[in-house]
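K.L.:
Compact mmCIF, C-alpha atoms, saved as work-v7.txt, coming up:
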# COMPACT_ATOMS: atom_id res chain seq x y z
CA MET A 135 45.51 -154.38 -100.28
CA PRO A 136 46.93 -152.13 -103.02
CA ALA A 137 49.59 -149.62 -102.04
CA LEU A 138 48.42 -146.08 -101.43
CA LYS A 139 49.21 -143.70 -104.27
CA ILE A 140 50.96 -140.56 -103.06
CA THR A 141 50.88 -137.28 -104.93
CA VAL A 142 53.49 -134.64 -104.15
CA ILE A 143 53.00 -131.11 -105.49
CA THR A 144 55.79 -128.54 -105.68
CA VAL A 145 54.95 -124.97 -106.61
CA CYS A 146 57.80 -122.74 -107.66
CA LEU A 147 58.77 -119.41 -109.17
CA ASN A 148 62.36 -118.47 -110.00
CA ALA A 149 63.69 -121.14 -107.63
CA VAL A 150 66.87 -122.01 -109.50
CA LYS A 151 68.99 -122.13 -106.33
CA THR A 152 66.83 -124.67 -104.49
CA ILE A 153 64.55 -126.56 -106.89
CA GLY A 154 67.13 -129.23 -107.74
CA ALA A 155 67.57 -130.35 -104.13
CA THR A 156 63.80 -130.35 -103.60
CA LEU A 157 63.23 -132.51 -106.69
CA ARG A 158 65.87 -135.00 -105.62
CA SER A 159 64.47 -135.24 -102.09
CA VAL A 160 61.12 -136.31 -103.56
CA LEU A 161 62.31 -138.57 -106.37
CA ASN A 162 64.82 -140.35 -104.12
CA GLN A 163 61.98 -141.61 -101.92
CA ASN A 164 62.04 -144.83 -103.96
CA TYR A 165 58.28 -145.28 -103.53
CA PRO A 166 56.67 -146.98 -106.55
CA GLU A 167 53.21 -145.36 -106.32
CA LEU A 168 54.47 -141.77 -106.44
CA GLU A 169 52.96 -139.05 -108.61
CA TYR A 170 55.02 -135.84 -108.68
CA ILE A 171 53.52 -132.62 -110.06
CA ILE A 172 55.40 -129.36 -110.63
CA VAL A 173 53.43 -126.12 -110.91
CA ASP A 174 55.67 -123.25 -112.01
CA GLY A 175 54.40 -119.69 -112.00
CA GLY A 176 56.25 -118.68 -115.16
CA SER A 177 59.88 -118.62 -114.01
CA THR A 178 62.27 -116.38 -115.94
CA ASP A 179 65.47 -117.89 -114.55
CA GLU A 180 66.82 -121.43 -115.15
CA THR A 181 64.27 -123.16 -112.90
CA LEU A 182 62.56 -124.94 -115.79
CA GLU A 183 65.86 -126.09 -117.24
CA ILE A 184 66.53 -127.92 -113.97
CA VAL A 185 62.99 -129.31 -113.90
CA ASP A 186 63.45 -130.59 -117.48
CA GLN A 187 66.35 -132.74 -116.30
CA TYR A 188 63.86 -134.77 -114.24
CA ARG A 189 60.84 -134.56 -116.54
CA TYR A 190 60.81 -138.29 -117.26
CA SER A 191 60.06 -138.87 -113.57
CA LEU A 192 57.35 -136.19 -113.32
CA ALA A 193 53.65 -136.81 -113.89
CA HIS A 194 52.84 -133.21 -114.86
CA VAL A 195 54.75 -129.96 -115.36
CA ILE A 196 52.78 -126.74 -115.66
CA SER A 197 54.44 -123.39 -116.32
CA GLU A 198 52.11 -120.42 -116.59
CA PRO A 199 51.26 -117.26 -114.67
CA ASP A 200 49.05 -117.79 -111.64
CA ARG A 201 47.11 -115.69 -109.16
CA GLY A 202 49.35 -116.64 -106.25
CA ILE A 203 50.72 -119.62 -104.39
CA TYR A 204 47.32 -121.05 -103.44
CA ASP A 205 46.08 -120.86 -107.03
CA ALA A 206 49.20 -122.84 -107.99
CA MET A 207 48.56 -125.41 -105.26
CA ASN A 208 44.95 -125.78 -106.35
CA LYS A 209 46.06 -126.44 -109.93
CA GLY A 210 48.24 -129.27 -108.68
CA ILE A 211 45.47 -130.74 -106.54
CA ALA A 212 43.07 -130.65 -109.50
CA LEU A 213 45.55 -132.73 -111.54
CA SER A 214 46.34 -135.19 -108.76
CA THR A 215 45.17 -138.80 -108.80
CA GLY A 216 46.79 -139.90 -105.54
CA ASP A 217 45.04 -141.12 -102.41
CA VAL A 218 47.15 -138.84 -100.20
CA ILE A 219 48.63 -135.46 -101.18
CA GLY A 220 51.72 -133.72 -99.85
CA ILE A 221 52.73 -130.18 -100.81
CA LEU A 222 56.44 -129.37 -100.69
CA ASN A 223 57.66 -125.87 -101.50
CA ALA A 224 60.65 -125.35 -103.76
CA ASP A 225 63.01 -124.60 -100.88
CA ASP A 226 61.93 -127.48 -98.63
CA LEU A 227 63.20 -131.07 -98.46
CA TYR A 228 61.66 -134.41 -97.59
CA ALA A 229 63.52 -136.79 -95.30
CA PRO A 230 64.47 -140.00 -97.15
CA TRP A 231 61.92 -141.96 -95.10
CA ALA A 232 59.08 -139.42 -95.34
CA ILE A 233 56.70 -141.05 -97.82
CA ALA A 234 57.24 -144.61 -96.57
CA THR A 235 56.49 -143.41 -93.03
CA VAL A 236 53.36 -141.52 -94.07
CA THR A 237 51.94 -144.42 -96.12
CA GLU A 238 52.56 -146.85 -93.26
CA THR A 239 50.74 -144.52 -90.86
CA ALA A 240 47.88 -143.82 -93.29
CA ASP A 241 47.35 -147.56 -93.84
CA ALA A 242 47.34 -148.18 -90.09
CA HIS A 243 44.91 -145.31 -89.39
CA PRO A 244 42.24 -145.19 -92.12
CA GLU A 245 40.05 -143.11 -89.82
CA CYS A 246 42.51 -140.18 -90.05
CA GLY A 247 42.66 -137.73 -92.93
CA VAL A 248 45.60 -135.48 -92.04
CA PHE A 249 49.10 -136.68 -91.16
CA TYR A 250 51.97 -134.47 -90.01
CA GLY A 251 55.37 -134.88 -88.41
CA ARG A 252 58.38 -133.05 -87.09
CA VAL A 253 60.50 -130.58 -89.04
CA ALA A 254 64.20 -129.73 -89.04
CA ILE A 255 65.18 -126.09 -89.48
CA ILE A 256 68.27 -125.45 -91.60
CA ASP A 257 70.39 -122.34 -91.33
CA VAL A 258 72.60 -122.58 -94.41
CA ALA A 259 74.50 -119.41 -93.51
CA LEU A 260 75.56 -120.92 -90.18
CA ARG A 261 75.74 -124.44 -91.67
CA LYS A 262 73.54 -125.78 -88.90
CA TRP A 263 70.35 -127.80 -88.53
CA THR A 264 68.13 -127.85 -85.46
CA VAL A 265 65.12 -129.85 -84.29
CA TYR A 266 63.26 -128.09 -81.49
CA SER A 267 60.98 -129.86 -79.04
CA GLN A 268 58.25 -127.48 -80.22
CA SER A 269 58.65 -128.59 -83.83
CA PRO A 270 56.15 -131.47 -83.60
CA GLY A 271 53.36 -128.93 -83.49
CA ASN A 272 49.93 -129.68 -82.10
CA HIS A 273 46.78 -129.63 -84.21
CA GLU A 274 44.73 -128.87 -81.09
CA LEU A 275 46.32 -125.40 -81.19
CA LEU A 276 45.13 -124.61 -84.73
CA PRO A 277 42.54 -122.11 -83.43
CA ASN A 278 45.53 -120.04 -82.20
CA ASN A 279 47.94 -120.26 -85.13
CA MET A 280 49.28 -122.52 -87.87
CA SER A 281 50.53 -124.96 -85.26
CA ILE A 282 51.56 -127.86 -87.52
CA PRO A 283 54.51 -127.69 -89.95
CA HIS A 284 53.04 -127.53 -93.43
CA PRO A 285 56.04 -129.15 -95.23
CA THR A 286 55.43 -132.32 -93.19
CA THR A 287 51.68 -132.41 -93.75
CA PHE A 288 49.89 -134.95 -95.96
CA VAL A 289 46.12 -134.85 -96.59
CA ARG A 290 43.85 -137.51 -98.06
CA LYS A 291 42.44 -136.31 -101.36
CA SER A 292 38.94 -137.16 -100.15
CA LEU A 293 39.21 -134.25 -97.70
CA TYR A 294 39.84 -131.79 -100.53
CA GLU A 295 36.83 -133.24 -102.31
CA ARG A 296 34.72 -132.92 -99.16
CA HIS A 297 35.83 -129.49 -97.93
CA GLY A 298 37.13 -127.70 -101.02
CA LEU A 299 40.53 -126.37 -101.99
CA PHE A 300 42.70 -123.51 -100.68
CA ASP A 301 41.07 -120.09 -100.50
CA GLU A 302 42.89 -118.05 -103.14
CA SER A 303 42.00 -114.74 -101.49
CA TYR A 304 44.93 -115.39 -99.13
CA ALA A 305 48.54 -114.74 -100.07
CA ILE A 306 50.17 -116.15 -96.90
CA ALA A 307 47.70 -117.74 -94.48
CA GLY A 308 45.74 -120.00 -96.84
CA ASP A 309 47.28 -123.20 -95.48
CA TRP A 310 46.28 -122.28 -91.92
CA ASP A 311 42.76 -121.38 -93.08
CA PHE A 312 42.45 -124.76 -94.79
CA MET A 313 43.79 -126.80 -91.85
CA LEU A 314 41.52 -124.93 -89.44
CA ARG A 315 38.61 -125.65 -91.77
CA LEU A 316 39.37 -129.38 -91.54
CA TYR A 317 39.88 -129.21 -87.77
CA ARG A 318 36.57 -127.44 -87.16
CA ALA A 319 34.79 -129.93 -89.41
CA GLY A 320 35.90 -132.74 -87.12
CA GLU A 321 38.41 -134.38 -89.44
CA ARG A 322 40.97 -136.49 -87.60
CA PHE A 323 44.66 -135.57 -87.50
CA ARG A 324 47.52 -137.96 -86.78
CA PHE A 325 50.91 -136.84 -85.51
CA ILE A 326 53.97 -138.85 -86.62
CA ASP A 327 56.87 -138.54 -84.18
CA LYS A 328 59.59 -138.44 -86.84
CA VAL A 329 61.28 -135.63 -88.74
CA LEU A 330 59.62 -135.77 -92.16
CA ALA A 331 60.95 -132.58 -93.76
CA ALA A 332 63.36 -129.70 -93.46
CA PHE A 333 63.17 -126.08 -94.46
CA ASP A 334 65.74 -123.32 -94.81
CA ASN A 335 65.01 -120.30 -92.64
CA ALA A 336 67.30 -118.03 -94.69
CA GLY A 337 65.58 -114.89 -95.78
CA VAL A 338 62.57 -115.33 -93.52
CA SER A 339 61.81 -112.08 -91.73
CA SER A 340 61.73 -112.22 -87.95
CA ILE A 341 59.00 -109.58 -87.99
CA PRO A 342 55.60 -110.54 -89.44
CA SER A 343 54.37 -108.31 -92.24
CA ARG A 344 51.23 -106.23 -92.03
CA ARG A 345 49.80 -108.48 -94.77
CA LEU A 346 50.31 -111.55 -92.56
CA VAL A 347 48.76 -109.80 -89.57
CA ALA A 348 45.76 -108.81 -91.70
CA GLU A 349 45.34 -112.34 -93.04
CA ASN A 350 45.64 -113.88 -89.58
CA ARG A 351 42.94 -111.50 -88.39
CA LYS A 352 40.76 -112.67 -91.29
CA VAL A 353 41.26 -116.31 -90.25
CA TYR A 354 40.34 -115.53 -86.65
CA PHE A 355 37.10 -113.78 -87.53
CA ARG A 356 36.17 -116.38 -90.15
CA HIS A 357 36.54 -119.41 -87.88
CA LEU A 358 36.14 -118.24 -84.26
CA ASN A 359 33.38 -116.50 -82.37
CA PHE A 360 33.60 -112.72 -82.22
CA ILE A 361 34.95 -112.45 -78.65
CA SER A 362 37.65 -115.08 -79.17
CA ALA A 363 38.64 -113.56 -82.50
CA LEU A 364 38.86 -110.09 -80.96
CA ARG A 365 41.01 -111.27 -78.06
CA LYS A 366 43.43 -113.12 -80.32
CA THR A 367 43.62 -110.17 -82.69
CA ILE A 368 44.48 -107.75 -79.86
CA LYS A 369 47.23 -110.10 -78.60
CA MET A 370 48.59 -110.46 -82.13
CA GLU A 371 48.65 -106.70 -82.69
CA LEU A 372 50.42 -106.10 -79.39
CA ARG A 373 52.98 -108.80 -80.19
CA TYR A 374 53.51 -107.29 -83.64
CA CYS A 375 54.07 -103.80 -82.19
CA GLY A 376 56.47 -105.19 -79.59
CA ARG A 377 58.52 -106.95 -82.23
CA LYS A 378 58.62 -103.81 -84.36
CA ILE A 379 59.92 -101.79 -81.41
CA MET A 380 62.56 -104.41 -80.57
CA ASP A 381 63.61 -104.55 -84.19
CA ALA A 382 63.86 -100.76 -84.45
CA THR A 383 66.00 -100.59 -81.32
CA GLY A 384 68.22 -103.44 -82.48
CA ILE A 385 67.47 -105.79 -79.60
CA TYR A 386 65.27 -108.29 -81.45
CA ARG A 387 68.19 -110.43 -82.62
CA THR A 388 69.43 -110.72 -79.04
CA TYR A 389 65.95 -111.65 -77.86
CA ALA A 390 65.54 -114.21 -80.67
CA ARG A 391 68.89 -115.78 -79.80
CA PHE A 392 67.86 -116.04 -76.15
CA ARG A 393 64.47 -117.47 -77.11
CA ASP A 394 65.91 -120.08 -79.45
CA TYR A 395 68.66 -121.33 -77.17
CA LYS A 396 67.23 -120.77 -73.68
CA ILE A 397 63.45 -120.82 -73.94
CA LEU A 398 63.00 -123.34 -76.77
CA HIS A 399 64.38 -126.76 -75.97
CA VAL A 400 66.65 -128.21 -78.64
CA ASP A 401 66.06 -131.94 -79.13
CA ALA A 402 68.92 -132.30 -81.61
CA SER A 403 71.25 -130.13 -83.65
CA GLY A 404 74.31 -130.51 -85.80
CA THR A 405 76.37 -129.29 -88.72
CA TYR A 406 74.51 -129.00 -92.01
CA THR A 407 76.22 -131.35 -94.46
CA GLY A 408 73.69 -131.63 -97.26
CA ASP A 409 72.08 -135.06 -97.65
CA ALA A 410 74.31 -136.50 -94.93
CA MET A 411 72.30 -134.38 -92.51
CA TRP A 412 69.51 -136.98 -92.45
CA ALA A 413 71.69 -139.69 -90.92
CA ASP A 414 72.84 -137.16 -88.31
CA ILE A 415 69.22 -136.24 -87.52
CA GLY A 416 68.28 -139.89 -87.10
CA GLN A 417 71.20 -140.48 -84.75
CA GLY A 418 70.63 -137.22 -82.90
CA LEU A 419 67.03 -138.12 -82.06
CA ALA A 420 67.63 -141.82 -81.46
CA GLY A 421 68.31 -141.41 -77.76
CA ARG A 422 65.45 -139.00 -77.15
CA PRO A 423 62.87 -140.34 -74.68
What would you get if you wrote out this structure as structure tokens?

P.N.:
Amino acid sequence: MPALKITVITVCLNAVKTIGATLRSVLNQNYPELEYIIVDGGSTDETLEIVDQYRYSLAHVISEPDRGIYDAMNKGIALSTGDVIGILNADDLYAPWAIATVTETADAHPECGVFYGRVAIIDVALRKWTVYSQSPGNHELLPNNMSIPHPTTFVRKSLYERHGLFDESYAIAGDWDFMLRLYRAGERFRFIDKVLAAFDNAGVSSIPSRRLVAENRKVYFRHLNFISALRKTIKMELRYCGRKIMDATGIYRTYARFRDYKILHVDASGTYTGDAMWADIGQGLAGRP
């Protein structure tokens, strides 16, 4: 049986600080049937100079203006020739075992079309990584929110051919819309109980934007019945207002700290040491039941 061909797509724009590490995390997978595609939105910093250093290992490099992140992803998917596609943003990292683990699982479960795993959260400012017990996600919760970590998600190309690409009318919630589309169509998901990727939470706002709230509302009313969509929208709006009030009064950081360390269970954590982090993650989770 021939080895599965894996396509990885990275979309980027002015990502000079992070693109190098992302590229290395993909190319160091040491998987022979790997197709790596870079879709750049027309960077004006030194992003492309870094990409050029790896061009001999890249199947395609596009650099041109786009209509947003999902337009860029769709360009990459259109160029892909792999059996399974992973999309890794320019500030995310694959674990060294990610692609080998996914191909092994995809071979063992041909009935499944979507594969996803656990994610490590990096706080570079605090030089810390954390894997929460909630990080595995649960695709059964997709009607509520984007409940699986997108950096760890791999999708068979046949599903894109069957159900279409990302909806470019979204700026933020297009990945959730797409995964919910697959879920509602009855496609089978497979969870892999390993950390497959890491992302840096630096710069991510603790308070959702009005644009995100509006796009989430659009997803609810597109995919759920009216009553369910209305209920979830009201809960989301109340949660948004509560977070805004806590942020304005300066207590949100205290709440978030309490939530992260008391409410969320930490399966493993340690000092962020660059690539050496992966060995620490493996050891940290080894004794977990």

K.L.:
Can you tell me how far CA of Trp310 in chain A sits from CA of Leu419 in chain A, in Å to one decimal?

P.N.:
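CA of Leu419 in chain A lies at a distance of 27.9 Å from CA of Trp310 in chain A.
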
K.L.:
Find, counting all atoms listed in the file, the residue in A:Arg201, A:Lys291, A:Arg377, A:His357 that gets nearest to Asn279 in chain A.

P.N.:
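Residue with the minimum atom-to-atom distance to Asn279 in chain A: A:His357.
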
K.L.:
What does the distance between CA of Ser214 in chain A and CA of Glu349 in chain A come to in Å, to one decimal place?

P.N.:
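Value for the CA of Ser214 in chain A-CA of Glu349 in chain A distance: 27.8 Å.
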
K.L.:
If we count only C-alpha atoms, what is near range 251-265 of chain A at a cut-off of 10 Å, once residues fewer than 6 positions away on the same chain are taken out, given as JSON, numbers by chain?

P.N.:
{"A": [226, 227, 228, 229, 232, 235, 236, 271, 272, 282, 283, 284, 285, 286, 287, 288, 324, 325, 326, 327, 328, 329, 330, 331, 332, 333, 334, 335, 336, 337, 399, 400, 401, 402, 403, 404, 405, 406, 407, 408, 411, 412, 414, 415, 418, 419]}

K.L.:
Give me the residues within 8 Å of Asp200 in chain A as a PyMOL selection string, counting all atoms listed in the file and dropping any in the same chain fewer than 4 places off.

P.N.:
chain A and resi 175+205-206

K.L.:
CA of Gly210 in chain A and CA of Val173 in chain A, how far apart in Å?

P.N.:
6.5 Å

K.L.:
Please provide as a list in words all residues within 10 Å of Lys209 in chain A, with the sequence filter that same-chain residues fewer than 6 positions apart are discarded (counting all atoms listed in the file).

P.N.:
Ile143, Val145, Ile171, Ile172, Val173, Ile196, Asp200, Ile203 and Leu299 of chain A

K.L.:
May I have the residues from that selection written out with C-alpha atoms, as a PDB file, keeping the file's coordinate frame?

P.N.:
ATOM      1  CA  ILE A 143      53.000-131.110-105.490  1.00  0.00           C
ATOM      2  CA  VAL A 145      54.950-124.970-106.610  1.00  0.00           C
ATOM      3  CA  ILE A 171      53.520-132.620-110.060  1.00  0.00           C
ATOM      4  CA  ILE A 172      55.400-129.360-110.630  1.00  0.00           C
ATOM      5  CA  VAL A 173      53.430-126.120-110.910  1.00  0.00           C
ATOM      6  CA  ILE A 196      52.780-126.740-115.660  1.00  0.00           C
ATOM      7  CA  ASP A 200      49.050-117.790-111.640  1.00  0.00           C
ATOM      8  CA  ILE A 203      50.720-119.620-104.390  1.00  0.00           C
ATOM      9  CA  LEU A 299      40.530-126.370-101.990  1.00  0.00           C
TER      10      LEU A 299
END

K.L.:
Within 10 Å of (49.0, -136.7, -105.3) (coordinates as in the file), grab all the protein and nucleic acid residues, counting only C-alpha atoms, and write them out as a tab-separated table (two decimals) with C-alpha atoms, in the frame of the given file.

P.N.:
chain	number	residue	atom	x	y	z
A	139	LYS	CA	49.21	-143.70	-104.27
A	140	ILE	CA	50.96	-140.56	-103.06
A	141	THR	CA	50.88	-137.28	-104.93
A	142	VAL	CA	53.49	-134.64	-104.15
A	143	ILE	CA	53.00	-131.11	-105.49
A	167	GLU	CA	53.21	-145.36	-106.32
A	168	LEU	CA	54.47	-141.77	-106.44
A	169	GLU	CA	52.96	-139.05	-108.61
A	170	TYR	CA	55.02	-135.84	-108.68
A	171	ILE	CA	53.52	-132.62	-110.06
A	193	ALA	CA	53.65	-136.81	-113.89
A	210	GLY	CA	48.24	-129.27	-108.68
A	211	ILE	CA	45.47	-130.74	-106.54
A	212	ALA	CA	43.07	-130.65	-109.50
A	213	LEU	CA	45.55	-132.73	-111.54
A	214	SER	CA	46.34	-135.19	-108.76
A	215	THR	CA	45.17	-138.80	-108.80
A	216	GLY	CA	46.79	-139.90	-105.54
A	217	ASP	CA	45.04	-141.12	-102.41
A	218	VAL	CA	47.15	-138.84	-100.20
A	219	ILE	CA	48.63	-135.46	-101.18
A	220	GLY	CA	51.72	-133.72	-99.85
A	221	ILE	CA	52.73	-130.18	-100.81
A	288	PHE	CA	49.89	-134.95	-95.96
A	289	VAL	CA	46.12	-134.85	-96.59
A	290	ARG	CA	43.85	-137.51	-98.06
A	291	LYS	CA	42.44	-136.31	-101.36
